[in-house]
Amino acid sequence: MKVGVCVPTRPRCPELRHLNCPPTLHDLAPGYRVARWDHPRALSARSRDRLHITLRDLAERAFGADHSGYWHTRVQSGFFDRITTLALILGPDDTPVGWGGYHRLRLASRRSLYLDAAGVVPAHRRFGLSTALMTHFLTREVLAHPLSNTYVVLRTRHPAVYAGWRRGLGTRRVFPDRHRALPSLIRRLAGEAAEWLGDGPRLHPDTLVVRDAYRMFDGDIYGIRPRSGDTGIDDYFDDTVGPKDAVLVVARTNVHALARVAAARRLRARLRHRTANGTRPAPDHTEDVRTATPTGAGASGLLSTPRT
């Protein structure tokens, strides 16, 4: 079966078996599927409670920190009514091992996606699942409008996430860039995204750093300080991004950029296959920054309660 083919059956795992609105199932990567809700607002109160528990527990395992208060606040503030698409990554036994989602927006009069909080539990990170899920989302949205750019916005304090988007799409497509000024369109788009998030006054318009972005957390955001493996980027985050700050990342993508990401994923898959068959491949430097597009716990950062 080809990746991306819809499977019209209910997942086997107890967490998803009795929801009033079953997800659409698609193959995601060898041995993994994605369970996707395109209308989360249709979920009943009981189904929302079950998914809330699942998301809370996944976040604790992925980040190595207690995020129960964060998820309680988000759900109470209308999370399921506001998010455009919500997805769980299902492992070989259909047990959830990761999650993600996005909001479809119009920012600076451009088609835009805001990537919601996302992550993969540690035992399953080496398979490129975060990359596969984000590629799944982007493919769906970009191919719906193949003749125009789609802008992706995310908020993160994880340097590997920033490094990953730059590596995956190319440095000319990802902002902020320490070595060049922000184009006026990117500045406008980031400003409108920050206003939508309720972070407008805290956004630095030149660096796109959001001060005190994670003010809703009492403790640590990550159990272990995140690193990318790129000394320059790690130093930039150390010097510029405070303990509760975030970087508002803006990426410009289209069908050509998407093809580049897909080609890189195929290459990594071949390298993993060669490794599994006992052949030592050449070093994969993408993996050196934790499978960078994007990856690890909190692949797209964390989201505050956006304004409606």
# chains A, B, ... in the order shown; residues from 1 in each chain; ligands from 1

call {"tool": "residues_around", "arguments": {"residues": "region 90-92 of chain A", "least_positions_apart": "3", "cutoff": "6 Å", "atoms": "only C-alpha atoms", "output": "list in words"}}
result
Gly31, Tyr32, Arg33, Val34, Thr95, Pro96 and Val97 of chain A

call {"tool": "residues_around", "arguments": {"residues": "region 231-241 of chain A", "least_positions_apart": "3", "cutoff": "8 Å", "atoms": "only C-alpha atoms", "output": "list of chain:residue names"}}
result
A:Arg157, A:Pro159, A:Ala163, A:Val209, A:Arg227, A:Ser228, A:Lys244, A:Asp245, A:Ala246, A:Val247

call {"tool": "write_last_selection", "arguments": {"atoms": "all heavy atoms", "output": "PDB file, in the first residue's frame"}}
result
ATOM      1  N   ARG A 157      11.148  27.274  20.610  1.00  0.00           N
ATOM      2  CA  ARG A 157      12.418  27.622  21.236  1.00  0.00           C
ATOM      3  C   ARG A 157      13.385  26.442  21.094  1.00  0.00           C
ATOM      4  O   ARG A 157      14.366  26.320  21.828  1.00  0.00           O
ATOM      5  CB  ARG A 157      12.253  28.021  22.698  1.00  0.00           C
ATOM      6  CG  ARG A 157      11.628  26.988  23.616  1.00  0.00           C
ATOM      7  CD  ARG A 157      11.798  27.383  25.083  1.00  0.00           C
ATOM      8  NE  ARG A 157      13.186  27.265  25.508  1.00  0.00           N
ATOM      9  CZ  ARG A 157      14.046  28.284  25.574  1.00  0.00           C
ATOM     10  NH1 ARG A 157      13.687  29.501  25.238  1.00  0.00           N
ATOM     11  NH2 ARG A 157      15.290  28.073  25.973  1.00  0.00           N
ATOM     12  N   PRO A 159      16.171  24.787  18.931  1.00  0.00           N
ATOM     13  CA  PRO A 159      17.064  25.140  17.821  1.00  0.00           C
ATOM     14  C   PRO A 159      17.085  24.113  16.699  1.00  0.00           C
ATOM     15  O   PRO A 159      17.296  24.470  15.537  1.00  0.00           O
ATOM     16  CB  PRO A 159      18.438  25.268  18.490  1.00  0.00           C
ATOM     17  CG  PRO A 159      18.323  24.541  19.787  1.00  0.00           C
ATOM     18  CD  PRO A 159      16.905  24.671  20.213  1.00  0.00           C
ATOM     19  N   ALA A 163      16.748  24.805  12.707  1.00  0.00           N
ATOM     20  CA  ALA A 163      17.764  24.249  11.813  1.00  0.00           C
ATOM     21  C   ALA A 163      17.133  23.319  10.785  1.00  0.00           C
ATOM     22  O   ALA A 163      17.527  23.301   9.610  1.00  0.00           O
ATOM     23  CB  ALA A 163      18.825  23.497  12.623  1.00  0.00           C
ATOM     24  N   VAL A 209      11.812  37.329  17.685  1.00  0.00           N
ATOM     25  CA  VAL A 209      11.793  36.700  18.999  1.00  0.00           C
ATOM     26  C   VAL A 209      10.570  37.194  19.761  1.00  0.00           C
ATOM     27  O   VAL A 209      10.298  38.406  19.799  1.00  0.00           O
ATOM     28  CB  VAL A 209      13.077  36.999  19.792  1.00  0.00           C
ATOM     29  CG1 VAL A 209      12.955  36.514  21.239  1.00  0.00           C
ATOM     30  CG2 VAL A 209      14.273  36.337  19.121  1.00  0.00           C
ATOM     31  N   ARG A 227      19.114  20.981  21.865  1.00  0.00           N
ATOM     32  CA  ARG A 227      20.246  21.405  21.037  1.00  0.00           C
ATOM     33  C   ARG A 227      19.990  20.925  19.611  1.00  0.00           C
ATOM     34  O   ARG A 227      19.253  19.969  19.372  1.00  0.00           O
ATOM     35  CB  ARG A 227      21.566  20.816  21.530  1.00  0.00           C
ATOM     36  CG  ARG A 227      21.812  20.928  23.011  1.00  0.00           C
ATOM     37  CD  ARG A 227      21.788  22.352  23.516  1.00  0.00           C
ATOM     38  NE  ARG A 227      22.964  23.118  23.104  1.00  0.00           N
ATOM     39  CZ  ARG A 227      23.079  24.425  23.300  1.00  0.00           C
ATOM     40  NH1 ARG A 227      22.117  25.108  23.872  1.00  0.00           N
ATOM     41  NH2 ARG A 227      24.185  25.049  22.925  1.00  0.00           N
ATOM     42  N   SER A 228      20.665  21.580  18.650  1.00  0.00           N
ATOM     43  CA  SER A 228      20.514  21.197  17.249  1.00  0.00           C
ATOM     44  C   SER A 228      21.725  20.446  16.711  1.00  0.00           C
ATOM     45  O   SER A 228      21.634  19.746  15.711  1.00  0.00           O
ATOM     46  CB  SER A 228      20.296  22.445  16.383  1.00  0.00           C
ATOM     47  OG  SER A 228      21.492  23.197  16.280  1.00  0.00           O
ATOM     48  N   LYS A 244      11.866  31.566  28.653  1.00  0.00           N
ATOM     49  CA  LYS A 244      10.441  31.484  28.316  1.00  0.00           C
ATOM     50  C   LYS A 244      10.132  32.179  26.984  1.00  0.00           C
ATOM     51  O   LYS A 244       8.975  32.408  26.659  1.00  0.00           O
ATOM     52  CB  LYS A 244       9.607  32.124  29.431  1.00  0.00           C
ATOM     53  CG  LYS A 244       9.629  31.346  30.760  1.00  0.00           C
ATOM     54  CD  LYS A 244       8.946  29.995  30.638  1.00  0.00           C
ATOM     55  CE  LYS A 244       9.027  29.205  31.932  1.00  0.00           C
ATOM     56  NZ  LYS A 244       8.140  29.753  32.983  1.00  0.00           N
ATOM     57  N   ASP A 245      11.178  32.505  26.218  1.00  0.00           N
ATOM     58  CA  ASP A 245      10.998  33.151  24.916  1.00  0.00           C
ATOM     59  C   ASP A 245      10.856  32.101  23.812  1.00  0.00           C
ATOM     60  O   ASP A 245      11.096  30.912  24.014  1.00  0.00           O
ATOM     61  CB  ASP A 245      12.189  34.054  24.581  1.00  0.00           C
ATOM     62  CG  ASP A 245      12.369  35.187  25.559  1.00  0.00           C
ATOM     63  OD1 ASP A 245      11.422  35.476  26.313  1.00  0.00           O
ATOM     64  OD2 ASP A 245      13.476  35.769  25.582  1.00  0.00           O
ATOM     65  N   ALA A 246      10.487  32.573  22.620  1.00  0.00           N
ATOM     66  CA  ALA A 246      10.377  31.709  21.444  1.00  0.00           C
ATOM     67  C   ALA A 246      10.755  32.509  20.212  1.00  0.00           C
ATOM     68  O   ALA A 246      10.774  33.744  20.229  1.00  0.00           O
ATOM     69  CB  ALA A 246       8.955  31.174  21.293  1.00  0.00           C
ATOM     70  N   VAL A 247      11.059  31.796  19.148  1.00  0.00           N
ATOM     71  CA  VAL A 247      11.280  32.414  17.841  1.00  0.00           C
ATOM     72  C   VAL A 247      10.058  32.125  16.980  1.00  0.00           C
ATOM     73  O   VAL A 247       9.598  30.985  16.905  1.00  0.00           O
ATOM     74  CB  VAL A 247      12.544  31.862  17.159  1.00  0.00           C
ATOM     75  CG1 VAL A 247      12.703  32.457  15.764  1.00  0.00           C
ATOM     76  CG2 VAL A 247      13.774  32.164  18.006  1.00  0.00           C
TER      77      VAL A 247
END

call {"tool": "residues_around", "arguments": {"residues": "Leu138 (chain A)", "least_positions_apart": "6", "cutoff": "12 Å", "atoms": "only C-alpha atoms", "output": "number ranges by chain"}}
result
A: 85, 101-104, 112-115, 131-132, 144-146, 149-153, 169, 251-259, 261-262

call {"tool": "select_by_dssp", "arguments": {"residues": "region 48-232 of chain A", "states": "helix (DSSP H, G or I)", "output": "ChimeraX atom specification"}}
result
/A:48-63,68-76,79-82,122-127,129-142,159-169,171-173,184-197,200-202,231-232

call {"tool": "residues_around", "arguments": {"residues": "Thr207 (chain A)", "least_positions_apart": "5", "cutoff": "10 Å", "atoms": "only C-alpha atoms", "output": "PyMOL selection string"}}
result
chain A and resi 175-178+181-182+187+240+247-249

call {"tool": "closest_residue", "arguments": {"among": "A:His136, A:Ser130, A:Leu154, A:Gly69", "to": "Asp57 (chain A)", "atoms": "only C-alpha atoms"}}
result
A:Gly69

call {"tool": "residues_around", "arguments": {"residues": "region 190-197 of chain A", "least_positions_apart": "2", "cutoff": "10 Å", "atoms": "only C-alpha atoms", "output": "number ranges by chain"}}
result
A: 105-108, 112-114, 153-155, 175-176, 184-188, 199-205, 208, 210, 213, 248-250, 303-308

call {"tool": "select_by_dssp", "arguments": {"residues": "region 88-234 of chain A", "states": "strand (DSSP E or B)", "output": "MDAnalysis selection string"}}
result
chainID A and resid 88:90 96:107 110:115 119:120 150:156 174:175 203 209:210

call {"tool": "atom_distance", "arguments": {"atom1": "CA of Ala65 (chain A)", "atom2": "CA of Ser47 (chain A)"}}
result
24.8 Å

call {"tool": "closest_residue", "arguments": {"among": "A:Gly78, A:Thr139, A:Leu28, A:Arg17", "to": "Phe127 (chain A)", "atoms": "only C-alpha atoms"}}
result
A:Leu28

call {"tool": "residues_around", "arguments": {"residues": "Val121 (chain A)", "least_positions_apart": "5", "cutoff": "12 Å", "atoms": "only C-alpha atoms", "output": "compact mmCIF listing (two decimals) with C-alpha atoms, in the first residue's frame"}}
result
# COMPACT_ATOMS: atom_id res chain seq x y z
CA LEU A 55 -2.51 14.60 24.04
CA ASP A 57 0.17 12.13 28.17
CA LEU A 58 1.98 12.23 24.81
CA ALA A 59 3.26 15.74 25.55
CA GLU A 60 4.63 14.70 28.93
CA ARG A 61 6.51 11.78 27.35
CA ALA A 62 7.74 13.83 24.37
CA PHE A 63 8.96 16.88 26.30
CA GLY A 64 10.02 15.14 29.50
CA LEU A 88 -2.17 11.50 15.92
CA ILE A 89 0.73 9.35 14.75
CA LEU A 90 -0.06 5.68 15.35
CA GLY A 91 2.66 3.09 15.90
CA THR A 95 -0.91 3.05 19.82
CA PRO A 96 -0.47 6.86 19.60
CA VAL A 97 3.22 7.83 19.61
CA GLY A 98 3.00 11.44 18.42
CA TRP A 99 0.68 14.25 17.45
CA ARG A 126 14.63 7.90 14.79
CA PHE A 127 12.11 7.09 12.05
CA GLY A 128 11.55 10.64 10.78
CA LEU A 129 7.92 10.74 11.91
CA SER A 130 7.77 14.47 12.63
CA THR A 295 11.94 16.95 14.62
CA GLY A 296 11.99 15.79 18.16
CA ALA A 297 9.82 16.86 21.03
CA GLY A 298 7.77 19.87 20.12
CA ALA A 299 8.43 19.80 16.43
